[in-house]
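K.L.:
Data file my_file28.pdb (PDB, C-alpha atoms, pLDDT in the B column) is appended below.
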```pdb
MODEL        1
ATOM      1  CA  MET A1289     -10.707 -13.346   8.544  1.00 46.00           C
ATOM      2  CA  ASN A1290     -13.008 -13.875   5.577  1.00 49.00           C
ATOM      3  CA  ASN A1291     -11.008 -13.770   2.360  1.00 50.00           C
ATOM      4  CA  GLU A1292     -13.827 -13.838  -0.223  1.00 55.00           C
ATOM      5  CA  GLY A1293     -12.778 -16.801  -2.339  1.00 62.00           C
ATOM      6  CA  ASN A1294      -9.837 -15.934  -4.549  1.00 78.00           C
ATOM      7  CA  GLU A1295      -9.499 -12.276  -3.563  1.00 86.00           C
ATOM      8  CA  LEU A1296      -5.884 -11.121  -3.458  1.00 93.00           C
ATOM      9  CA  PRO A1297      -4.691  -9.159  -0.412  1.00 94.00           C
ATOM     10  CA  HIS A1298      -4.421  -5.842  -2.286  1.00 95.00           C
ATOM     11  CA  GLN A1299      -8.069  -6.117  -3.339  1.00 95.00           C
ATOM     12  CA  ALA A1300      -9.092  -5.611   0.299  1.00 95.00           C
ATOM     13  CA  LEU A1301      -7.470  -2.154   0.362  1.00 97.00           C
ATOM     14  CA  SER A1302      -9.409   1.074   0.060  1.00 97.00           C
ATOM     15  CA  ASP A1303      -8.719   3.200  -3.021  1.00 96.00           C
ATOM     16  CA  ARG A1304      -6.514   5.540  -0.970  1.00 97.00           C
ATOM     17  CA  GLU A1305      -4.613   2.660   0.632  1.00 97.00           C
ATOM     18  CA  TYR A1306      -4.019   1.178  -2.818  1.00 97.00           C
ATOM     19  CA  GLU A1307      -2.744   4.544  -4.063  1.00 97.00           C
ATOM     20  CA  VAL A1308      -0.322   4.770  -1.115  1.00 97.00           C
ATOM     21  CA  LEU A1309       0.772   1.165  -1.760  1.00 97.00           C
ATOM     22  CA  LEU A1310       1.709   2.057  -5.334  1.00 97.00           C
ATOM     23  CA  TYR A1311       3.647   5.155  -4.253  1.00 97.00           C
ATOM     24  CA  ILE A1312       5.593   3.029  -1.773  1.00 95.00           C
ATOM     25  CA  GLY A1313       6.259   0.622  -4.631  1.00 94.00           C
ATOM     26  CA  GLU A1314       7.722   3.505  -6.635  1.00 94.00           C
ATOM     27  CA  GLY A1315      10.195   4.065  -3.816  1.00 94.00           C
ATOM     28  CA  LYS A1316       8.643   7.293  -2.559  1.00 96.00           C
ATOM     29  CA  SER A1317       9.187   8.198   1.079  1.00 96.00           C
ATOM     30  CA  ILE A1318       6.321   8.787   3.504  1.00 97.00           C
ATOM     31  CA  SER A1319       6.951  12.549   3.347  1.00 98.00           C
ATOM     32  CA  GLU A1320       7.031  12.531  -0.478  1.00 98.00           C
ATOM     33  CA  ILE A1321       3.720  10.668  -0.561  1.00 98.00           C
ATOM     34  CA  ALA A1322       2.238  13.079   1.991  1.00 98.00           C
ATOM     35  CA  ASN A1323       3.272  16.055  -0.168  1.00 98.00           C
ATOM     36  CA  GLN A1324       1.967  14.402  -3.340  1.00 97.00           C
ATOM     37  CA  LEU A1325      -1.455  13.712  -1.797  1.00 97.00           C
ATOM     38  CA  SER A1326      -1.619  16.895   0.333  1.00 98.00           C
ATOM     39  CA  LEU A1327      -1.937  14.837   3.505  1.00 98.00           C
ATOM     40  CA  SER A1328       0.075  14.749   6.723  1.00 98.00           C
ATOM     41  CA  VAL A1329       3.009  12.415   7.257  1.00 98.00           C
ATOM     42  CA  LYS A1330       1.090  10.917  10.191  1.00 98.00           C
ATOM     43  CA  THR A1331      -1.873  10.109   7.929  1.00 98.00           C
ATOM     44  CA  ILE A1332       0.345   8.386   5.357  1.00 98.00           C
ATOM     45  CA  SER A1333       2.080   6.439   8.129  1.00 98.00           C
ATOM     46  CA  THR A1334      -1.340   5.273   9.317  1.00 98.00           C
ATOM     47  CA  TYR A1335      -2.259   4.170   5.781  1.00 98.00           C
ATOM     48  CA  ARG A1336       1.048   2.279   5.513  1.00 98.00           C
ATOM     49  CA  THR A1337       0.377   0.503   8.810  1.00 98.00           C
ATOM     50  CA  ARG A1338      -3.125  -0.490   7.679  1.00 98.00           C
ATOM     51  CA  ILE A1339      -1.795  -1.727   4.329  1.00 98.00           C
ATOM     52  CA  LEU A1340       0.807  -3.917   6.031  1.00 98.00           C
ATOM     53  CA  GLU A1341      -1.816  -5.305   8.432  1.00 97.00           C
ATOM     54  CA  LYS A1342      -4.416  -6.028   5.746  1.00 96.00           C
ATOM     55  CA  MET A1343      -1.869  -7.649   3.449  1.00 97.00           C
ATOM     56  CA  HIS A1344      -0.122  -9.559   6.264  1.00 96.00           C
ATOM     57  CA  LEU A1345       3.280  -8.136   5.310  1.00 97.00           C
ATOM     58  CA  ASP A1346       6.092  -6.849   7.519  1.00 97.00           C
ATOM     59  CA  ASN A1347       7.797  -3.962   5.747  1.00 96.00           C
ATOM     60  CA  ASN A1348       8.182  -1.855   2.589  1.00 94.00           C
ATOM     61  CA  SER A1349      10.468  -4.441   1.032  1.00 94.00           C
ATOM     62  CA  ASP A1350       7.681  -7.027   1.286  1.00 96.00           C
ATOM     63  CA  LEU A1351       5.265  -4.515  -0.278  1.00 95.00           C
ATOM     64  CA  VAL A1352       7.605  -3.902  -3.217  1.00 94.00           C
ATOM     65  CA  LYS A1353       8.043  -7.650  -3.777  1.00 95.00           C
ATOM     66  CA  TYR A1354       4.256  -8.087  -3.748  1.00 96.00           C
ATOM     67  CA  ILE A1355       3.764  -5.222  -6.240  1.00 95.00           C
ATOM     68  CA  MET A1356       6.333  -6.734  -8.596  1.00 94.00           C
ATOM     69  CA  LEU A1357       4.937 -10.250  -8.235  1.00 94.00           C
ATOM     70  CA  HIS A1358       1.415  -9.056  -9.102  1.00 94.00           C
ATOM     71  CA  ASP A1359       2.520  -6.481 -11.708  1.00 93.00           C
ATOM     72  CA  LEU A1360       0.645  -3.608 -10.066  1.00 92.00           C
ATOM     73  CA  SER A1361       1.062  -0.057 -11.361  1.00 78.00           C
ATOM     74  CA  GLN A1362      -0.467   3.422 -11.244  1.00 70.00           C
ATOM     75  CA  SER A1363      -2.057   3.116 -14.716  1.00 58.00           C
TER
ENDMDL
END
```
Hey, can you dump this file as structure tokens for me?
P.N.:
Amino acid sequence: MNNEGNELPHQALSDREYEVLLYIGEGKSISEIANQLSLSVKTISTYRTRILEKMHLDNNSDLVKYIMLHDLSQS
């Protein structure tokens, strides 16, 4: 995998994946995120899977730790 120099894992995410990442970081459930974005639960689950793969993380807890470590937010 080519990790363009000093690029952080979250920088490889699409805009939508990044948005889903931040909602997960806020503690929202898959169904809450789906409702918020007017998408299906299956679609959000797919985004979550892609996020975990791209960032080489295992679960939501790892995502939350990453978000806190890198001070990411919806602003």
K.L.:
Would you kindly return, as a list of chain:residue names, each protein, DNA or RNA residue with an atom no farther than 10 Å from any atom of A:Val1329, considering only C-alpha atoms and excluding same-chain residues fewer than 6 positions away?
P.N.:
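Residues near the query, excluding close chain neighbours: A:Ser1317, A:Ile1318, A:Ser1319, A:Glu1320, A:Ile1321, A:Ala1322, A:Asn1323, A:Tyr1335.
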K.L.:
With distances taken over only C-alpha atoms, which of A:Glu1305, A:Glu1295, A:Glu1314, A:Asp1359 is nearest to A:Glu1341?
P.N.:
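Of all the options, A:Glu1305 lies closest to A:Glu1341.
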K.L.:
Show me, as a count of residues only, the residues that have an atom within 8 Å of A:Met1343 when counting all atoms listed in the file, minus same-chain residues fewer than 4 positions from it.
P.N.:
3
K.L.:
Please evaluate the PyMOL selection byres ((chain A and resi 1351) around 12) against the structure above and give the resulting residues as an mmCIF file with C-alpha atoms, keeping the file's coordinate frame.
P.N.:
```cif
data_model
loop_
_atom_site.group_PDB
_atom_site.id
_atom_site.type_symbol
_atom_site.label_atom_id
_atom_site.label_comp_id
_atom_site.auth_asym_id
_atom_site.auth_seq_id
_atom_site.Cartn_x
_atom_site.Cartn_y
_atom_site.Cartn_z
ATOM 1 C CA PRO A 1297 -4.691 -9.159 -0.412
ATOM 2 C CA HIS A 1298 -4.421 -5.842 -2.286
ATOM 3 C CA TYR A 1306 -4.019 1.178 -2.818
ATOM 4 C CA VAL A 1308 -0.322 4.770 -1.115
ATOM 5 C CA LEU A 1309 0.772 1.165 -1.760
ATOM 6 C CA LEU A 1310 1.709 2.057 -5.334
ATOM 7 C CA TYR A 1311 3.647 5.155 -4.253
ATOM 8 C CA ILE A 1312 5.593 3.029 -1.773
ATOM 9 C CA GLY A 1313 6.259 0.622 -4.631
ATOM 10 C CA GLU A 1314 7.722 3.505 -6.635
ATOM 11 C CA GLY A 1315 10.195 4.065 -3.816
ATOM 12 C CA ARG A 1336 1.048 2.279 5.513
ATOM 13 C CA THR A 1337 0.377 0.503 8.810
ATOM 14 C CA ILE A 1339 -1.795 -1.727 4.329
ATOM 15 C CA LEU A 1340 0.807 -3.917 6.031
ATOM 16 C CA GLU A 1341 -1.816 -5.305 8.432
ATOM 17 C CA LYS A 1342 -4.416 -6.028 5.746
ATOM 18 C CA MET A 1343 -1.869 -7.649 3.449
ATOM 19 C CA HIS A 1344 -0.122 -9.559 6.264
ATOM 20 C CA LEU A 1345 3.280 -8.136 5.310
ATOM 21 C CA ASP A 1346 6.092 -6.849 7.519
ATOM 22 C CA ASN A 1347 7.797 -3.962 5.747
ATOM 23 C CA ASN A 1348 8.182 -1.855 2.589
ATOM 24 C CA SER A 1349 10.468 -4.441 1.032
ATOM 25 C CA ASP A 1350 7.681 -7.027 1.286
ATOM 26 C CA VAL A 1352 7.605 -3.902 -3.217
ATOM 27 C CA LYS A 1353 8.043 -7.650 -3.777
ATOM 28 C CA TYR A 1354 4.256 -8.087 -3.748
ATOM 29 C CA ILE A 1355 3.764 -5.222 -6.240
ATOM 30 C CA MET A 1356 6.333 -6.734 -8.596
ATOM 31 C CA LEU A 1357 4.937 -10.250 -8.235
ATOM 32 C CA HIS A 1358 1.415 -9.056 -9.102
ATOM 33 C CA ASP A 1359 2.520 -6.481 -11.708
ATOM 34 C CA LEU A 1360 0.645 -3.608 -10.066
#
```
K.L.:
Suppose you want the space between atom CA of A:Ala1300 and atom CA of A:Arg1338; what is it in Å?
P.N.:
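Straight-line distance from atom CA of A:Ala1300 to atom CA of A:Arg1338 works out to 10.8 Å.
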K.L.:
Is it possible to get the axis-aligned box enclosing stretch 1297-1304 of chain A (all listed atoms, 4 Å extra per side) as lines of an AutoDock Vina configuration file, with centre and edge lengths in Å rounded to one decimal?
P.N.:
```
center_x = -6.9
center_y = -1.8
center_z = -1.5
size_x = 13.0
size_y = 22.7
size_z = 11.7
```
K.L.:
Go ahead and compute the interatomic distance for atom CA of A:Glu1307 and atom CA of A:Asn1294, in Å to one decimal.
P.N.:
21.7 Å
K.L.:
As a tab-separated table (two decimals), keeping the file's coordinate frame, please: stretch 1332-1356 of chain A completed to N, CA and C atoms.
P.N.:
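Writing done, so here's part36.tsv:
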```tsv
chain	number	residue	atom	x	y	z
A	1332	ILE	N	-0.26	9.36	6.27
A	1332	ILE	CA	0.34	8.39	5.36
A	1332	ILE	C	0.93	7.22	6.14
A	1333	SER	N	1.54	7.51	7.28
A	1333	SER	CA	2.08	6.44	8.13
A	1333	SER	C	0.96	5.51	8.59
A	1334	THR	N	-0.19	6.07	8.91
A	1334	THR	CA	-1.34	5.27	9.32
A	1334	THR	C	-1.81	4.39	8.16
A	1335	TYR	N	-1.89	4.97	6.96
A	1335	TYR	CA	-2.26	4.17	5.78
A	1335	TYR	C	-1.28	3.02	5.58
A	1336	ARG	N	0.02	3.31	5.70
A	1336	ARG	CA	1.05	2.28	5.51
A	1336	ARG	C	0.85	1.15	6.52
A	1337	THR	N	0.60	1.51	7.77
A	1337	THR	CA	0.38	0.50	8.81
A	1337	THR	C	-0.83	-0.37	8.48
A	1338	ARG	N	-1.92	0.26	8.04
A	1338	ARG	CA	-3.12	-0.49	7.68
A	1338	ARG	C	-2.87	-1.41	6.49
A	1339	ILE	N	-2.12	-0.92	5.51
A	1339	ILE	CA	-1.80	-1.73	4.33
A	1339	ILE	C	-1.02	-2.97	4.75
A	1340	LEU	N	0.00	-2.78	5.57
A	1340	LEU	CA	0.81	-3.92	6.03
A	1340	LEU	C	-0.05	-4.92	6.80
A	1341	GLU	N	-0.94	-4.42	7.66
A	1341	GLU	CA	-1.82	-5.30	8.43
A	1341	GLU	C	-2.76	-6.08	7.52
A	1342	LYS	N	-3.43	-5.39	6.62
A	1342	LYS	CA	-4.42	-6.03	5.75
A	1342	LYS	C	-3.77	-7.05	4.81
A	1343	MET	N	-2.54	-6.77	4.40
A	1343	MET	CA	-1.87	-7.65	3.45
A	1343	MET	C	-0.98	-8.69	4.14
A	1344	HIS	N	-0.92	-8.62	5.47
A	1344	HIS	CA	-0.12	-9.56	6.26
A	1344	HIS	C	1.35	-9.54	5.83
A	1345	LEU	N	1.88	-8.33	5.67
A	1345	LEU	CA	3.28	-8.14	5.31
A	1345	LEU	C	3.99	-7.39	6.43
A	1346	ASP	N	5.32	-7.41	6.41
A	1346	ASP	CA	6.09	-6.85	7.52
A	1346	ASP	C	6.73	-5.49	7.26
A	1347	ASN	N	7.06	-5.20	6.00
A	1347	ASN	CA	7.80	-3.96	5.75
A	1347	ASN	C	7.66	-3.53	4.29
A	1348	ASN	N	8.27	-2.38	3.95
A	1348	ASN	CA	8.18	-1.86	2.59
A	1348	ASN	C	8.79	-2.80	1.56
A	1349	SER	N	9.84	-3.49	1.95
A	1349	SER	CA	10.47	-4.44	1.03
A	1349	SER	C	9.47	-5.52	0.63
A	1350	ASP	N	8.71	-6.03	1.59
A	1350	ASP	CA	7.68	-7.03	1.29
A	1350	ASP	C	6.62	-6.45	0.36
A	1351	LEU	N	6.25	-5.17	0.58
A	1351	LEU	CA	5.26	-4.51	-0.28
A	1351	LEU	C	5.77	-4.43	-1.71
A	1352	VAL	N	7.03	-4.03	-1.87
A	1352	VAL	CA	7.60	-3.90	-3.22
A	1352	VAL	C	7.64	-5.26	-3.92
A	1353	LYS	N	8.02	-6.30	-3.19
A	1353	LYS	CA	8.04	-7.65	-3.78
A	1353	LYS	C	6.64	-8.05	-4.24
A	1354	TYR	N	5.64	-7.76	-3.42
A	1354	TYR	CA	4.26	-8.09	-3.75
A	1354	TYR	C	3.82	-7.35	-5.01
A	1355	ILE	N	4.13	-6.05	-5.08
A	1355	ILE	CA	3.76	-5.22	-6.24
A	1355	ILE	C	4.39	-5.79	-7.51
A	1356	MET	N	5.65	-6.18	-7.43
A	1356	MET	CA	6.33	-6.73	-8.60
A	1356	MET	C	5.75	-8.09	-8.99
```
